[in-house]
Amino acid sequence: MNTTSGTQGQIGQFVSNATIPVTISVGASAANFTTNNDAFTVSLTPTPASGSLTILIGAQGISGPRVVLLDISKDSFLNLQSGFVQVSLDGATIPEAASLQAVLTGSGSPSYVLLGTSSGFELLVSIPHFSTHTIVITTPSPTVLVAGSSQTSASTSTSSSISSVYMVSVAMVAVLAGVLAVAGQRTRKATSVRLSR
């Protein structure tokens with residue numbers, strides 16, 4: 001993830017020339033959008049429970065590359081604090097670009113870049129050839145994270161129990177071996193006494 005230092009001017013320029021025609025704001029439980037070109041239509045399906053957002057975007061009489069900008073708050077249901085995000089375009093996962101410039105100027109292939117801001121994050125998705133597209137942003141949901149932690153704790157607890165049982169078993173075997181060794185010594189002494197008599 002990059003930072004927005006020195007990038008806001010670049011983003012503003014591309015919003016002004018409509019290379020970025022749609023800006024989507026994502027909050028704690030909802031998402032909404034604005035557009036600077038009425039040719040674009042946008043439908044948003046936020047799913048806070050699973051930490052995902054589906055964006056259906058289309059346009060009339062538009063060709064060439066475009067960029068979609070998402071302004072995501074720190075408390076957004078898109079859990080970018082986790083450090084994981086997956087972006088797909090029309091069902092195919094797309095890679096993270098090396099820089100903001102690579103997304104804004106386009107490379108012939110779809111890509112995204114994630115920027116950290118003082119209020120949260122900015123996610124920019126490059127679409128090389130415009131028509132009607134579906135973008136899906138996926139992050140770990142809080143439920144998944146909690147479940148994962150519980151499973152890890154349970155696994156650790158189970159491992160600890162198994163380890164404790166193993167250690168107790170080893171100790172018991174050692175004690176038993178000692179008892180048998182002592183008994184053997186006593187038997188040998190008793191036999192030696194009888195023979196001497």
# chains A, B, ... in the order shown; residues from 1 in each chain; ligands from 1
>>> residues_around(residues="Glu122 (chain A)", least_positions_apart="4", cutoff="8 Å", atoms="only C-alpha atoms", output="list in words")
Leu69, Leu70, Asp71, Ile72, Leu114, Leu115, Gly116 and Thr117 of chain A
>>> write_last_selection(atoms="N, CA and C atoms", output="PDB file, in the first residue's frame")
ATOM      1  N   LEU A  69     -12.828   5.506  -8.500  1.00  0.00           N
ATOM      2  CA  LEU A  69     -12.200   5.898  -7.239  1.00  0.00           C
ATOM      3  C   LEU A  69     -13.109   5.544  -6.071  1.00  0.00           C
ATOM      4  N   LEU A  70     -12.559   4.832  -5.089  1.00  0.00           N
ATOM      5  CA  LEU A  70     -13.287   4.543  -3.858  1.00  0.00           C
ATOM      6  C   LEU A  70     -12.616   5.269  -2.700  1.00  0.00           C
ATOM      7  N   ASP A  71     -13.397   6.066  -1.992  1.00  0.00           N
ATOM      8  CA  ASP A  71     -12.935   6.775  -0.795  1.00  0.00           C
ATOM      9  C   ASP A  71     -13.467   5.997   0.404  1.00  0.00           C
ATOM     10  N   ILE A  72     -12.580   5.319   1.127  1.00  0.00           N
ATOM     11  CA  ILE A  72     -12.985   4.349   2.147  1.00  0.00           C
ATOM     12  C   ILE A  72     -12.571   4.835   3.536  1.00  0.00           C
ATOM     13  N   LEU A 114      -3.891   0.891  -3.918  1.00  0.00           N
ATOM     14  CA  LEU A 114      -4.473   1.249  -2.627  1.00  0.00           C
ATOM     15  C   LEU A 114      -3.585   2.283  -1.964  1.00  0.00           C
ATOM     16  N   LEU A 115      -4.186   3.413  -1.581  1.00  0.00           N
ATOM     17  CA  LEU A 115      -3.446   4.513  -0.961  1.00  0.00           C
ATOM     18  C   LEU A 115      -3.957   4.748   0.451  1.00  0.00           C
ATOM     19  N   GLY A 116      -3.045   4.994   1.384  1.00  0.00           N
ATOM     20  CA  GLY A 116      -3.435   5.349   2.735  1.00  0.00           C
ATOM     21  C   GLY A 116      -3.623   6.854   2.854  1.00  0.00           C
ATOM     22  N   THR A 117      -4.676   7.282   3.539  1.00  0.00           N
ATOM     23  CA  THR A 117      -4.939   8.709   3.749  1.00  0.00           C
ATOM     24  C   THR A 117      -5.115   8.961   5.246  1.00  0.00           C
TER      25      THR A 117
END
>>> residues_around(residues="Pro48 (chain A)", least_positions_apart="3", cutoff="9 Å", atoms="only C-alpha atoms", output="list in words")
Ala28, Ser29, Ala30, Gly51, Ser52, Leu53, Ser76, Phe77, Leu78 and Ser141 of chain A
>>> write_last_selection(atoms="N, CA and C atoms", output="compact mmCIF listing (two decimals), in the first residue's frame")
# COMPACT_ATOMS: atom_id res chain seq x y z
N ALA A 28 -19.18 2.94 7.37
CA ALA A 28 -19.25 1.83 8.32
C ALA A 28 -20.25 0.76 7.90
N SER A 29 -21.36 1.18 7.27
CA SER A 29 -22.39 0.19 6.94
C SER A 29 -23.03 0.42 5.57
N ALA A 30 -22.59 1.44 4.85
CA ALA A 30 -23.23 1.76 3.57
C ALA A 30 -22.22 2.36 2.61
N GLY A 51 -17.89 -8.34 4.40
CA GLY A 51 -16.79 -7.43 4.10
C GLY A 51 -16.54 -7.26 2.62
N SER A 52 -17.62 -7.11 1.83
CA SER A 52 -17.44 -6.97 0.39
C SER A 52 -18.38 -5.92 -0.19
N LEU A 53 -18.00 -5.43 -1.37
CA LEU A 53 -18.80 -4.44 -2.09
C LEU A 53 -18.79 -4.79 -3.57
N SER A 76 -14.80 1.67 7.86
CA SER A 76 -15.61 1.07 6.81
C SER A 76 -15.81 -0.43 7.03
N PHE A 77 -16.93 -0.95 6.47
CA PHE A 77 -17.15 -2.39 6.51
C PHE A 77 -16.18 -3.14 5.61
N LEU A 78 -15.52 -2.40 4.70
CA LEU A 78 -14.41 -3.00 3.97
C LEU A 78 -13.19 -2.96 4.88
N SER A 141 -14.14 -10.36 6.67
CA SER A 141 -15.18 -9.81 7.53
C SER A 141 -14.79 -9.98 8.98
>>> closest_residue(among="A:Ala49, A:Val68, A:Leu89, A:Ala98", to="Val125 (chain A)", atoms="only C-alpha atoms")
A:Val68
>>> closest_residue(among="A:Gly91, A:Gly64, A:Pro110, A:Gly83", to="His129 (chain A)", atoms="only C-alpha atoms")
A:Gly64
>>> closest_residue(among="A:Thr19, A:Ser126, A:Asn79, A:Ser43", to="Ala97 (chain A)", atoms="only C-alpha atoms")
A:Ser126
>>> select_by_dssp(residues="region 20-116 of chain A", states="helix (DSSP H, G or I)", output="short mmCIF file (atom, residue, chain, number, x, y, z; two decimals) with N, CA and C atoms, in the first residue's frame")
data_model
loop_
_atom_site.label_atom_id
_atom_site.label_comp_id
_atom_site.auth_asym_id
_atom_site.auth_seq_id
_atom_site.Cartn_x
_atom_site.Cartn_y
_atom_site.Cartn_z
N PRO A 48 -21.90 -5.75 4.28
CA PRO A 48 -21.06 -5.57 5.46
C PRO A 48 -20.74 -6.87 6.19
N ALA A 49 -21.70 -7.81 6.21
CA ALA A 49 -21.48 -9.05 6.96
C ALA A 49 -20.31 -9.86 6.42
N SER A 50 -20.08 -9.76 5.12
CA SER A 50 -18.98 -10.53 4.52
C SER A 50 -17.80 -9.64 4.11
N LEU A 80 -10.02 -2.91 5.41
CA LEU A 80 -8.68 -2.73 4.85
C LEU A 80 -7.61 -2.66 5.94
N GLN A 81 -8.03 -2.47 7.20
CA GLN A 81 -7.08 -2.49 8.31
C GLN A 81 -6.42 -3.86 8.44
N SER A 82 -7.08 -4.88 7.89
CA SER A 82 -6.54 -6.24 7.99
C SER A 82 -5.29 -6.43 7.15
N LEU A 100 0.46 4.71 -8.43
CA LEU A 100 -0.75 5.44 -8.82
C LEU A 100 -0.70 5.82 -10.28
N GLN A 101 0.46 6.27 -10.75
CA GLN A 101 0.60 6.70 -12.14
C GLN A 101 0.24 5.59 -13.11
N ALA A 102 0.63 4.35 -12.76
CA ALA A 102 0.33 3.22 -13.63
C ALA A 102 -1.17 3.01 -13.79
N VAL A 103 -1.92 3.28 -12.72
CA VAL A 103 -3.38 3.13 -12.78
C VAL A 103 -4.01 4.29 -13.54
N LEU A 104 -3.55 5.51 -13.28
CA LEU A 104 -4.16 6.68 -13.91
C LEU A 104 -3.92 6.74 -15.41
N THR A 105 -2.75 6.31 -15.84
CA THR A 105 -2.43 6.37 -17.27
C THR A 105 -2.83 5.10 -18.01
#
>>> residues_around(residues="Asn37 (chain A)", least_positions_apart="4", cutoff="9 Å", atoms="only C-alpha atoms", output="ChimeraX atom specification")
/A:18,21-22
>>> write_last_selection(atoms="N, CA and C atoms", output="PDB file, in the first residue's frame")
ATOM      1  N   ALA A  18     -12.496  13.814 -16.231  1.00  0.00           N
ATOM      2  CA  ALA A  18     -13.452  12.701 -16.320  1.00  0.00           C
ATOM      3  C   ALA A  18     -12.809  11.356 -16.637  1.00  0.00           C
ATOM      4  N   PRO A  21     -14.586   9.131 -13.640  1.00  0.00           N
ATOM      5  CA  PRO A  21     -15.944   9.675 -13.733  1.00  0.00           C
ATOM      6  C   PRO A  21     -16.821   9.366 -12.524  1.00  0.00           C
ATOM      7  N   VAL A  22     -16.391   8.390 -11.708  1.00  0.00           N
ATOM      8  CA  VAL A  22     -17.221   7.943 -10.586  1.00  0.00           C
ATOM      9  C   VAL A  22     -16.382   7.880  -9.313  1.00  0.00           C
TER      10      VAL A  22
END
>>> atom_distance(atom1="CA of Pro65 (chain A)", atom2="CA of Val87 (chain A)")
17.4 Å
>>> closest_residue(among="A:Val136, A:Ile11, A:Ile57, A:Ile127", to="Phe40 (chain A)", atoms="only C-alpha atoms")
A:Ile57
>>> atom_distance(atom1="CA of Thr7 (chain A)", atom2="CA of Ile55 (chain A)")
24.4 Å
>>> decode(residues="region 11-48 of chain A", atoms="N, CA and C atoms", output="compact mmCIF listing (two decimals), in the first residue's frame")
# COMPACT_ATOMS: atom_id res chain seq x y z
N ILE A 11 -4.84 13.03 -8.65
CA ILE A 11 -6.19 12.45 -8.64
C ILE A 11 -7.22 13.51 -9.01
N GLY A 12 -7.08 14.71 -8.44
CA GLY A 12 -8.01 15.80 -8.76
C GLY A 12 -8.02 16.14 -10.23
N GLN A 13 -6.86 16.12 -10.86
CA GLN A 13 -6.76 16.41 -12.29
C GLN A 13 -7.51 15.38 -13.11
N PHE A 14 -7.41 14.11 -12.73
CA PHE A 14 -8.08 13.05 -13.49
C PHE A 14 -9.58 13.00 -13.21
N VAL A 15 -9.99 13.52 -12.03
CA VAL A 15 -11.42 13.68 -11.78
C VAL A 15 -11.97 14.80 -12.67
N SER A 16 -11.21 15.88 -12.78
CA SER A 16 -11.64 17.04 -13.58
C SER A 16 -11.80 16.70 -15.06
N ASN A 17 -10.87 15.88 -15.59
CA ASN A 17 -10.97 15.56 -17.03
C ASN A 17 -11.82 14.31 -17.29
N ALA A 18 -12.50 13.81 -16.23
CA ALA A 18 -13.45 12.70 -16.32
C ALA A 18 -12.81 11.36 -16.64
N THR A 19 -11.48 11.25 -16.50
CA THR A 19 -10.87 9.93 -16.57
C THR A 19 -11.32 9.13 -15.34
N ILE A 20 -11.54 9.86 -14.23
CA ILE A 20 -12.20 9.28 -13.05
C ILE A 20 -13.62 9.84 -13.02
N PRO A 21 -14.59 9.13 -13.64
CA PRO A 21 -15.94 9.67 -13.73
C PRO A 21 -16.82 9.37 -12.52
N VAL A 22 -16.39 8.39 -11.71
CA VAL A 22 -17.22 7.94 -10.59
C VAL A 22 -16.38 7.88 -9.31
N THR A 23 -16.90 8.48 -8.25
CA THR A 23 -16.28 8.39 -6.93
C THR A 23 -17.27 7.73 -5.98
N ILE A 24 -16.81 6.68 -5.30
CA ILE A 24 -17.67 5.91 -4.39
C ILE A 24 -17.16 6.11 -2.96
N SER A 25 -18.06 6.52 -2.09
CA SER A 25 -17.72 6.71 -0.67
C SER A 25 -18.23 5.50 0.12
N VAL A 26 -17.34 4.89 0.90
CA VAL A 26 -17.69 3.68 1.64
C VAL A 26 -17.51 3.94 3.13
N GLY A 27 -18.61 3.79 3.87
CA GLY A 27 -18.59 4.03 5.31
C GLY A 27 -18.74 2.77 6.14
N ALA A 28 -19.18 2.94 7.37
CA ALA A 28 -19.25 1.83 8.32
C ALA A 28 -20.25 0.76 7.90
N SER A 29 -21.36 1.18 7.27
CA SER A 29 -22.39 0.19 6.94
C SER A 29 -23.03 0.42 5.57
N ALA A 30 -22.59 1.44 4.85
CA ALA A 30 -23.23 1.76 3.57
C ALA A 30 -22.22 2.36 2.61
N ALA A 31 -22.64 2.47 1.34
CA ALA A 31 -21.81 3.08 0.30
C ALA A 31 -22.70 3.90 -0.62
N ASN A 32 -22.16 5.02 -1.13
CA ASN A 32 -22.89 5.84 -2.11
C ASN A 32 -21.89 6.39 -3.12
N PHE A 33 -22.39 6.96 -4.19
CA PHE A 33 -21.49 7.41 -5.25
C PHE A 33 -21.90 8.78 -5.79
N THR A 34 -20.93 9.43 -6.42
CA THR A 34 -21.18 10.65 -7.20
C THR A 34 -20.52 10.45 -8.56
N THR A 35 -21.05 11.13 -9.57
CA THR A 35 -20.45 11.05 -10.90
C THR A 35 -20.39 12.43 -11.53
N ASN A 36 -19.33 12.66 -12.32
CA ASN A 36 -19.21 13.93 -13.02
C ASN A 36 -19.55 13.79 -14.49
N ASN A 37 -20.17 12.64 -14.84
CA ASN A 37 -20.58 12.39 -16.22
C ASN A 37 -21.88 11.60 -16.18
N ASP A 38 -22.97 12.23 -16.62
CA ASP A 38 -24.29 11.60 -16.54
C ASP A 38 -24.44 10.40 -17.45
N ALA A 39 -23.46 10.14 -18.31
CA ALA A 39 -23.53 8.97 -19.18
C ALA A 39 -23.32 7.68 -18.38
N PHE A 40 -22.77 7.81 -17.18
CA PHE A 40 -22.46 6.64 -16.38
C PHE A 40 -23.61 6.28 -15.44
N THR A 41 -23.86 4.98 -15.35
CA THR A 41 -24.84 4.46 -14.39
C THR A 41 -24.09 3.53 -13.42
N VAL A 42 -24.47 3.62 -12.15
CA VAL A 42 -23.77 2.85 -11.11
C VAL A 42 -24.80 2.21 -10.19
N SER A 43 -24.56 0.95 -9.86
CA SER A 43 -25.36 0.25 -8.88
C SER A 43 -24.42 -0.37 -7.85
N LEU A 44 -24.70 -0.13 -6.57
CA LEU A 44 -23.83 -0.61 -5.49
C LEU A 44 -24.56 -1.64 -4.64
N THR A 45 -23.86 -2.73 -4.33
CA THR A 45 -24.40 -3.74 -3.43
C THR A 45 -23.40 -3.98 -2.30
N PRO A 46 -23.53 -3.24 -1.20
CA PRO A 46 -22.63 -3.46 -0.06
C PRO A 46 -23.07 -4.68 0.75
N THR A 47 -22.12 -5.46 1.21
CA THR A 47 -22.42 -6.62 2.06
C THR A 47 -21.52 -6.55 3.29
N PRO A 48 -21.90 -5.75 4.28
CA PRO A 48 -21.06 -5.57 5.46
C PRO A 48 -20.74 -6.87 6.19
